[in-house]
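Accompanying notes for the structure given below.
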Amino acid sequence: MSNIKYNLIDRTEPVVLKENLGFGNHFTDHVFEMDYTPEKGWHNAIITRLDKLEFHHATTFMHYGQTIFEGLKAYYTPNGEIQLFRPEKNMERLNKSAKRLCMPEVDIAFAVEALKELVAIEKDWVPKNYLDSLYVRPFMIGTDSLLGVKPSTAYKFIILLSPVGAYYPEGFKPIKIMIQEDYVRAVRKGLGECKTAANYASSLLGAEIARKMGYTQCLWLDAVELKYIEEVGTMNIFIRFNDEVATPALTGGILHGITRLSTIQLLKDMGYNLVERLISVDELVSRYEKGEVLEVFGTGTAAVISSVGEIKFRDNILKLTKDNQPGELATKLFDELSGIQRGTIPDRHNWIQKVDVEVTA
Ligand code: COI
């Protein structure tokens with residue numbers, strides 16, 4: 001692209017053939033970066049080597065948390081193409097987070113083009129293994145150096161790439177989650193809808209407690225009444241009842257997941273009665289006891305579609321899958337979504353964008 005500079009290095013051997021890539025352990029050679037100042041707007045767009053960043057000790061994002069991020073994936077298709085899933089949706093959500101945290105918005109078309117260009121340069125890092133992909137992490141930080149609590153004036157926007165496998169250590173086996181009542185992840189009208197570090201920081205202690213008790217993640221409740229199911233923190237949640245598939249309504253404390261949005265569409269396409277509504281934990285437990293909870297699964301870019309095998313709420317243990325096998329609907333959705341993302345199922349909703357691997361650099 002004409003307004004991006006290039007500072008490319010000799011390639012290192014791509015870490016894509018490794019078994020069990022895990023999540024976020026490996027990084028490609030290059031990143032995209034650009035800077036923002038009120039005078040110049042976004043400028044200095046460059047694809048450059050992955051290296052260390054240097055900051056003043058008082059840099060605002062390290063103290064007051066002006067940091068937002070996104071997550072999406074690039075996939076290798078059986079006919080050798082590389083494609084992205086709904087990248088403009090991620091940039092739209094980044095801009096929503098930016099507004100809430102008093103940060104500058106990016107030009108969506110330019111950010112998507114920059115990310116395609118970076119992925120094209122790093123094409124050899126896109127894993128070919130069916131369950132692996134290249135995770136794309138765009139993020140923005142406030143870079144002023146001062147200790148006053150006010151929005152930074154200068155910012156950096158970066159896109160980082162990481163070849164990944166399954167997010168959860170269980171791979172695609174059902175995960176166990178625990179409903180957390182002692183802590184909350186986010187509060188309505190706070191930052192819950194934003195993809196910002198604060199929400200992940202506030203989830204860490206609960207998740208550590210869950211992990212020590214043998215659970216992979218927490219299922220968070222609303223922060224006002226501790227009554228309604230919200231999200232897992234790494235994914236949105238869906239419950240297949242006997243008469244509907246329900247997912248918590250976006251009441252302000254929940255991330256607007258792009259996989260959530262796409263799953264809603266796929267469920268409607270499949271003819272399910274899909275409802276977005278408040279789901280209380282009491283309803284979940286009482287309907288489980290009546291045999292009306294058929295399946296629970298989570299959706300997220302990193303998590304894809306993850307079947308939930310067990311939910312713990314106080315002394316109630318809800319067993320949701322048999323023989324440690326993913327649920328039927330979760331498997332069907334995983335196959336459908338992954339098929340679209342990886343080019344083996346037609347993209348009937350125009351969700352896919354191809355990466356042109358003829359790089360101009
Ligand atoms: C994602 O699904 O992309 C996420 O950002 C969740 C987690 C890895 C932080």
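Residues are named by chain letter and number: chains run A, B, ... in the order of the structure tokens, numbers start at 1 in each chain, and ligands are numbered from 1 in the order shown.
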Original post:
Near Val164 in chain A, within 7 Å and counting only C-alpha atoms, which residues show up once chain neighbours fewer than 6 positions away are dropped, as number ranges by chain?
Top reply: A: 21-24, 132-135
Please produce an output containing N, CA, C and O atoms for each residue in the selection, written as a PDB file, in the first residue's frame.
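Wrote again-v1.pdb, looks like this:
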ATOM      1  N   LEU A  21       0.424 -25.938  18.882  1.00  0.00           N
ATOM      2  CA  LEU A  21       0.919 -24.553  18.888  1.00  0.00           C
ATOM      3  C   LEU A  21       0.521 -23.833  20.168  1.00  0.00           C
ATOM      4  O   LEU A  21       1.186 -22.906  20.605  1.00  0.00           O
ATOM      5  N   GLY A  22      -0.593 -24.272  20.767  1.00  0.00           N
ATOM      6  CA  GLY A  22      -1.101 -23.556  21.933  1.00  0.00           C
ATOM      7  C   GLY A  22      -1.655 -22.215  21.481  1.00  0.00           C
ATOM      8  O   GLY A  22      -1.885 -21.992  20.283  1.00  0.00           O
ATOM      9  N   PHE A  23      -1.820 -21.300  22.412  1.00  0.00           N
ATOM     10  CA  PHE A  23      -2.412 -20.013  22.061  1.00  0.00           C
ATOM     11  C   PHE A  23      -1.496 -18.875  22.491  1.00  0.00           C
ATOM     12  O   PHE A  23      -1.188 -18.731  23.680  1.00  0.00           O
ATOM     13  N   GLY A  24      -1.050 -18.092  21.499  1.00  0.00           N
ATOM     14  CA  GLY A  24      -0.304 -16.867  21.802  1.00  0.00           C
ATOM     15  C   GLY A  24       1.130 -17.079  22.253  1.00  0.00           C
ATOM     16  O   GLY A  24       1.709 -16.199  22.894  1.00  0.00           O
ATOM     17  N   ASP A 132      -5.673 -25.230  13.236  1.00  0.00           N
ATOM     18  CA  ASP A 132      -4.826 -24.082  13.580  1.00  0.00           C
ATOM     19  C   ASP A 132      -5.150 -22.880  12.688  1.00  0.00           C
ATOM     20  O   ASP A 132      -5.796 -23.017  11.655  1.00  0.00           O
ATOM     21  N   SER A 133      -4.672 -21.718  13.102  1.00  0.00           N
ATOM     22  CA  SER A 133      -4.911 -20.502  12.304  1.00  0.00           C
ATOM     23  C   SER A 133      -3.897 -19.439  12.729  1.00  0.00           C
ATOM     24  O   SER A 133      -3.121 -19.645  13.669  1.00  0.00           O
ATOM     25  N   LEU A 134      -3.932 -18.312  12.029  1.00  0.00           N
ATOM     26  CA  LEU A 134      -3.062 -17.195  12.403  1.00  0.00           C
ATOM     27  C   LEU A 134      -3.926 -16.179  13.145  1.00  0.00           C
ATOM     28  O   LEU A 134      -4.808 -15.548  12.551  1.00  0.00           O
ATOM     29  N   TYR A 135      -3.686 -16.037  14.435  1.00  0.00           N
ATOM     30  CA  TYR A 135      -4.464 -15.097  15.247  1.00  0.00           C
ATOM     31  C   TYR A 135      -3.924 -13.692  15.012  1.00  0.00           C
ATOM     32  O   TYR A 135      -2.715 -13.465  15.009  1.00  0.00           O
TER      33      TYR A 135
END
**OP:** Assign secondary structure with DSSP using the backbone only, and return the residues of range 46-241 of chain A in strand (DSSP E) as a VMD selection string.
**Re:** chain A and resid 46 to 49 67 to 69 72 to 76 82 to 85 133 to 142 155 to 164 175 to 180 217 to 220 236 to 241
Save the residues we just selected, C-alpha atoms, as an mmCIF file, in the first residue's frame?
data_model
loop_
_atom_site.group_PDB
_atom_site.id
_atom_site.type_symbol
_atom_site.label_atom_id
_atom_site.label_comp_id
_atom_site.auth_asym_id
_atom_site.auth_seq_id
_atom_site.Cartn_x
_atom_site.Cartn_y
_atom_site.Cartn_z
ATOM 1 C CA ILE A 46 4.848 1.010 8.866
ATOM 2 C CA ILE A 47 5.226 -2.746 8.657
ATOM 3 C CA THR A 48 8.334 -3.378 10.651
ATOM 4 C CA ARG A 49 10.159 -6.043 12.611
ATOM 5 C CA THR A 67 -5.571 0.058 26.142
ATOM 6 C CA ILE A 68 -8.017 -1.645 23.796
ATOM 7 C CA PHE A 69 -7.605 -4.667 21.566
ATOM 8 C CA LEU A 72 -9.567 -12.225 14.688
ATOM 9 C CA LYS A 73 -8.045 -14.986 12.619
ATOM 10 C CA ALA A 74 -6.559 -15.671 9.177
ATOM 11 C CA TYR A 75 -7.208 -19.121 7.737
ATOM 12 C CA TYR A 76 -5.513 -21.206 5.064
ATOM 13 C CA ILE A 82 -5.618 -17.070 2.877
ATOM 14 C CA GLN A 83 -8.791 -15.503 4.185
ATOM 15 C CA LEU A 84 -10.098 -13.422 7.062
ATOM 16 C CA PHE A 85 -13.432 -13.630 8.856
ATOM 17 C CA SER A 133 -4.911 -20.502 12.304
ATOM 18 C CA LEU A 134 -3.062 -17.195 12.403
ATOM 19 C CA TYR A 135 -4.464 -15.097 15.247
ATOM 20 C CA VAL A 136 -4.473 -11.362 14.537
ATOM 21 C CA ARG A 137 -4.261 -9.019 17.509
ATOM 22 C CA PRO A 138 -4.829 -5.331 16.682
ATOM 23 C CA PHE A 139 -4.430 -3.099 19.735
ATOM 24 C CA MET A 140 -4.161 0.554 20.717
ATOM 25 C CA ILE A 141 -2.462 2.229 23.677
ATOM 26 C CA GLY A 142 -2.207 5.777 25.034
ATOM 27 C CA TYR A 155 -1.508 6.824 20.729
ATOM 28 C CA LYS A 156 0.007 3.818 19.045
ATOM 29 C CA PHE A 157 -1.958 1.264 17.027
ATOM 30 C CA ILE A 158 -0.266 -2.070 16.446
ATOM 31 C CA ILE A 159 -1.204 -5.324 14.731
ATOM 32 C CA LEU A 160 0.548 -8.428 16.021
ATOM 33 C CA LEU A 161 0.271 -11.926 14.501
ATOM 34 C CA SER A 162 0.494 -15.261 16.297
ATOM 35 C CA PRO A 163 0.059 -18.757 14.813
ATOM 36 C CA VAL A 164 -2.285 -20.563 17.190
ATOM 37 C CA ILE A 175 -14.638 -27.516 29.102
ATOM 38 C CA LYS A 176 -15.729 -27.144 32.721
ATOM 39 C CA ILE A 177 -16.799 -23.718 33.969
ATOM 40 C CA MET A 178 -17.683 -22.374 37.388
ATOM 41 C CA ILE A 179 -20.202 -19.648 38.175
ATOM 42 C CA GLN A 180 -18.380 -16.968 40.128
ATOM 43 C CA GLN A 217 -12.979 -20.613 33.228
ATOM 44 C CA CYS A 218 -15.592 -18.652 35.172
ATOM 45 C CA LEU A 219 -19.093 -17.930 34.020
ATOM 46 C CA TRP A 220 -19.712 -14.352 35.163
ATOM 47 C CA ASN A 236 -20.069 -15.530 24.980
ATOM 48 C CA ILE A 237 -22.425 -18.244 26.174
ATOM 49 C CA PHE A 238 -25.384 -20.050 24.592
ATOM 50 C CA ILE A 239 -27.833 -22.429 26.267
ATOM 51 C CA ARG A 240 -29.854 -24.918 24.282
ATOM 52 C CA PHE A 241 -33.068 -25.435 26.224
#
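Between ligand 1 and the candidates A:Ala210, A:Cys194, A:Ala111, A:Ala302, the tightest atom-to-atom separation, counting only C-alpha atoms and all ligand atoms, involves A:Ala302.
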Within 6 Å of ligand 1: each chain A residue with its shortest pair, only C-alpha atoms and all ligand atoms, as CSV:
residue,atom,partner,partner_atom_place_in_ligand_line,distance
A:Gly71,CA,ligand 1,3 (O),3.6
A:Leu72,CA,ligand 1,3 (O),5.8
A:Thr234,CA,ligand 1,6 (C),4.3
A:Gly300,CA,ligand 1,2 (O),4.6
A:Thr301,CA,ligand 1,2 (O),3.8
A:Ala302,CA,ligand 1,2 (O),3.7
A:Ala303,CA,ligand 1,2 (O),6.0
Subject >> Distance in Å - CA of Thr196 in chain A versus CA of Ile209 in chain A >> reply: 21.9 Å
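With CA of Val304 in chain A on one side and CA of His30 in chain A on the other, the separation reads 25.4 Å.
Shell of Val224 in chain A at 10 Å, with only C-alpha atoms counted and residues fewer than 5 places along the chain excluded, is A:Val184, A:Ala186, A:Val187, A:Arg188.
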Original post:
So what do you get for CA of Val119 in chain A versus CA of Val357 in chain A, distance-wise?
Top reply: 8.3 Å
Subject >> Selection: 9 Å around range 348-352 of chain A, only C-alpha atoms, excl. self and same-chain fewer than 2 positions, as an NGL selection string >> reply: :A and (83-87 or 262 or 340-341 or 343 or 345-346 or 354)
Just to be explicit: take each residue in the selection above, keep N, CA, C and O atoms, and write the result as a PDB file, in the first residue's frame.
ATOM      1  N   GLN A  83      -7.606 -16.350   4.038  1.00  0.00           N
ATOM      2  CA  GLN A  83      -8.791 -15.503   4.185  1.00  0.00           C
ATOM      3  C   GLN A  83      -9.051 -15.108   5.629  1.00  0.00           C
ATOM      4  O   GLN A  83      -8.612 -15.772   6.562  1.00  0.00           O
ATOM      5  N   LEU A  84      -9.768 -13.989   5.749  1.00  0.00           N
ATOM      6  CA  LEU A  84     -10.098 -13.422   7.062  1.00  0.00           C
ATOM      7  C   LEU A  84     -11.600 -13.495   7.271  1.00  0.00           C
ATOM      8  O   LEU A  84     -12.365 -13.452   6.300  1.00  0.00           O
ATOM      9  N   PHE A  85     -12.007 -13.546   8.525  1.00  0.00           N
ATOM     10  CA  PHE A  85     -13.432 -13.630   8.856  1.00  0.00           C
ATOM     11  C   PHE A  85     -13.905 -12.286   9.416  1.00  0.00           C
ATOM     12  O   PHE A  85     -13.474 -11.883  10.492  1.00  0.00           O
ATOM     13  N   ARG A  86     -14.720 -11.584   8.689  1.00  0.00           N
ATOM     14  CA  ARG A  86     -15.391 -10.349   9.104  1.00  0.00           C
ATOM     15  C   ARG A  86     -14.450  -9.310   9.761  1.00  0.00           C
ATOM     16  O   ARG A  86     -14.760  -8.779  10.837  1.00  0.00           O
ATOM     17  N   PRO A  87     -13.298  -9.019   9.128  1.00  0.00           N
ATOM     18  CA  PRO A  87     -12.328  -8.131   9.792  1.00  0.00           C
ATOM     19  C   PRO A  87     -12.863  -6.730  10.080  1.00  0.00           C
ATOM     20  O   PRO A  87     -12.468  -6.107  11.066  1.00  0.00           O
ATOM     21  N   SER A 262     -22.321 -14.120  14.596  1.00  0.00           N
ATOM     22  CA  SER A 262     -22.331 -15.060  13.465  1.00  0.00           C
ATOM     23  C   SER A 262     -23.054 -16.346  13.852  1.00  0.00           C
ATOM     24  O   SER A 262     -23.774 -16.928  13.037  1.00  0.00           O
ATOM     25  N   ILE A 340     -16.920 -22.388   6.925  1.00  0.00           N
ATOM     26  CA  ILE A 340     -17.007 -21.084   6.248  1.00  0.00           C
ATOM     27  C   ILE A 340     -15.667 -20.357   6.382  1.00  0.00           C
ATOM     28  O   ILE A 340     -15.123 -19.824   5.414  1.00  0.00           O
ATOM     29  N   GLN A 341     -15.117 -20.375   7.599  1.00  0.00           N
ATOM     30  CA  GLN A 341     -13.869 -19.638   7.839  1.00  0.00           C
ATOM     31  C   GLN A 341     -12.709 -20.211   7.024  1.00  0.00           C
ATOM     32  O   GLN A 341     -11.817 -19.492   6.601  1.00  0.00           O
ATOM     33  N   GLY A 343     -13.047 -22.000   4.172  1.00  0.00           N
ATOM     34  CA  GLY A 343     -13.312 -22.100   2.740  1.00  0.00           C
ATOM     35  C   GLY A 343     -13.794 -23.457   2.267  1.00  0.00           C
ATOM     36  O   GLY A 343     -13.743 -23.740   1.071  1.00  0.00           O
ATOM     37  N   ILE A 345     -16.955 -24.519   3.168  1.00  0.00           N
ATOM     38  CA  ILE A 345     -18.418 -24.364   3.097  1.00  0.00           C
ATOM     39  C   ILE A 345     -18.675 -22.980   2.488  1.00  0.00           C
ATOM     40  O   ILE A 345     -17.987 -22.015   2.860  1.00  0.00           O
ATOM     41  N   PRO A 346     -19.619 -22.879   1.549  1.00  0.00           N
ATOM     42  CA  PRO A 346     -19.842 -21.574   0.887  1.00  0.00           C
ATOM     43  C   PRO A 346     -20.135 -20.449   1.883  1.00  0.00           C
ATOM     44  O   PRO A 346     -20.848 -20.641   2.867  1.00  0.00           O
ATOM     45  N   LYS A 354     -10.698 -12.190   1.267  1.00  0.00           N
ATOM     46  CA  LYS A 354      -9.457 -12.852   0.839  1.00  0.00           C
ATOM     47  C   LYS A 354      -8.269 -11.924   1.084  1.00  0.00           C
ATOM     48  O   LYS A 354      -8.389 -10.704   0.969  1.00  0.00           O
TER      49      LYS A 354
END
Subject >> Proximity to Lys99 in chain A - best of A:Glu310, A:Glu193, A:Asp315, A:Asp10, only C-alpha atoms >> reply: A:Glu193
**OP:** Report the residues of range 113-250 of chain A whose backbone DSSP state falls under helix (DSSP H, G or I), written as a PyMOL selection string.
**Re:** chain A and resi 113-121+123-125+197-212
**OP:** Write out as an MDAnalysis selection string the residues lying within 12 Å of Arg11 in chain A, counting only C-alpha atoms and excluding same-chain residues fewer than 4 positions away.
**Re:** chainID A and resid 15 28:30 49:50 121:125
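Residues in contact range of Glu113 in chain A, defined as at most 10 Å between only C-alpha atoms, with sequence neighbours fewer than 3 positions away removed, read A:Met1, A:Pro87, A:Glu88, A:Ile108, A:Ala109, A:Phe110, A:Lys116, A:Glu117, A:Leu118, A:Val119, A:Val355.
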Export C-alpha atoms of the chosen residues as a PDB file, in the first residue's frame?
ATOM      1  CA  MET A   1       0.000   0.000   0.000  1.00  0.00           C
ATOM      2  CA  PRO A  87     -12.328  -8.131   9.792  1.00  0.00           C
ATOM      3  CA  GLU A  88     -14.282  -4.881   9.451  1.00  0.00           C
ATOM      4  CA  ILE A 108     -11.762   0.983   9.229  1.00  0.00           C
ATOM      5  CA  ALA A 109     -10.950   0.467   5.547  1.00  0.00           C
ATOM      6  CA  PHE A 110      -7.318   1.475   6.057  1.00  0.00           C
ATOM      7  CA  LYS A 116      -4.325  -7.788   5.004  1.00  0.00           C
ATOM      8  CA  GLU A 117      -0.970  -6.447   3.874  1.00  0.00           C
ATOM      9  CA  LEU A 118       0.729  -7.673   7.062  1.00  0.00           C
ATOM     10  CA  VAL A 119      -0.882 -11.122   6.768  1.00  0.00           C
ATOM     11  CA  VAL A 355      -5.891 -11.771   1.474  1.00  0.00           C
TER      12      VAL A 355
END
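Restricting the calculation to only C-alpha atoms, the smallest distance between Lys312 in chain A and any of A:Glu336, A:Pro248, A:Thr216, A:Met270 is found for A:Thr216.
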When you look at Glu276 in chain A with a cut-off of 8 Å (counting only C-alpha atoms), what residues show up, excluding the ones that are within fewer than 4 positions of it in the same chain? I need them as a JSON list (two decimals) with N, CA and C atoms, in the first residue's frame.
[["chain", "number", "residue", "atom", "x", "y", "z"],
["A", 246, "ALA", "N", -30.93, -20.02, 23.78],
["A", 246, "ALA", "CA", -30.91, -18.67, 24.37],
["A", 246, "ALA", "C", -29.49, -18.21, 24.61],
["A", 247, "THR", "N", -29.29, -16.92, 24.43],
["A", 247, "THR", "CA", -27.99, -16.32, 24.76],
["A", 247, "THR", "C", -28.28, -15.00, 25.49],
["A", 248, "PRO", "N", -27.46, -14.65, 26.48],
["A", 248, "PRO", "CA", -27.74, -13.41, 27.22],
["A", 248, "PRO", "C", -27.85, -12.19, 26.30],
["A", 249, "ALA", "N", -28.88, -11.39, 26.56],
["A", 249, "ALA", "CA", -29.06, -10.15, 25.79],
["A", 249, "ALA", "C", -27.91, -9.19, 26.12],
["A", 250, "LEU", "N", -27.57, -8.34, 25.16],
["A", 250, "LEU", "CA", -26.45, -7.41, 25.34],
["A", 250, "LEU", "C", -26.92, -6.21, 26.15]]
